[in-house]
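See structure below.
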Amino acid sequence: MVHSNALNSYQKAQVYDEMDPKKLILLLYEGAIKRIVLAKEGIKNSDPKQRGENLGKAIAIISELNACLDDNIQTEEINFLRGFYTAMLTELPKVSLYNDIQILNRTEKYIKELKRIWETTVMN
């Protein structure tokens with residue numbers, strides 16, 4: 001059984017390894033949006049577990065997006081994204097302290113805009 005679970009995990013990871021990097025970034029944006037929405041629902045429903053789990057996953061996804069930026073590229077756009085992701089990663093942990101839905105609303109808005117830009121400029 002453990003062998004089967006390990007094999008399934010590897011096969012799922014292999015799918016991502018073989019995926020077009022452009023599509024993978026799009027999936028990360030979609031995942032971040034989904035997790036932010038679920039974290040907001042957790043706050044509205046007074047469910048700290050739902051808020052915390054989804055907030056943590058949103059932070060992990062945004063961290064991954066930031067880590068995907070090539071350190072060797074120092075264009076204005078890349079530096080902007082680095083700063084933008086860093087700002088989000090600085091603000092999001094405050095949600096756990098204050099249950100501040102406005103932080104989540106702003107982050108969701110920003111990620112949706114980045115996703116839209118990605119779809120129109122990179123995916124097309």
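Ligands are numbered from 1 in the order shown, residues from 1 within each chain, and chains are lettered A, B, ... in the order they appear in the structure tokens.
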
Inset, instruction - Excluding Ala60 in chain A and any residue of its chain fewer than 2 positions from it, enumerate the residues within 12 Å of it, using only C-alpha atoms, and give them as a list in words. - result: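 That gives Leu28, Tyr29, Gly31, Ala32, Arg35, Ile36, Glu53, Asn54, Leu55, Gly56, Lys57, Ala58, Ile62, Ser63, Glu64, Leu65, Asn66, Ala67, Tyr85, Met88, Leu89, Leu92 and Pro93 of chain A.
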
Inset, instruction - Fewer than 5 positions away in the same chain doesn't count, so skip those; otherwise give me all residues within 10 Å of range 112-119 of chain A, counting only C-alpha atoms, as a PyMOL selection string. - result: chain A and resi 22-23+25-30+32-33+81+106-107+124

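Proximity of A:Leu38, A:Ala87, A:Leu69, A:Ile43 to Asn99 in chain A, computed with only C-alpha atoms, is greatest for A:Ile43.
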
Inset, instruction - Select, from A:Val122, A:Lys49, A:Thr86, A:Gly42, the residue with the minimum atom-to-atom distance to Asp100 in chain A, counting only C-alpha atoms. - result: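 Under the stated criterion, the closest residue is A:Gly42.
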
Inset, instruction - Give me, please, the distance in Å between CA of Gln50 in chain A and CA of Leu24 in chain A, quoted to one decimal. - result: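 Separation of CA of Gln50 in chain A and CA of Leu24 in chain A: 25.0 Å.
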
Inset, instruction - State, in Å with one decimal place, the distance from CA of Val37 in chain A to CA of Cys68 in chain A. - result: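 Distance reported for this atom pair: 23.3 Å.
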
Legend entry - Members of chain A assigned helix (DSSP H, G or I) by DSSP, as an MDAnalysis selection string: chainID A and resid 2:18 21:44 48:67 76:91 94:98 101:123
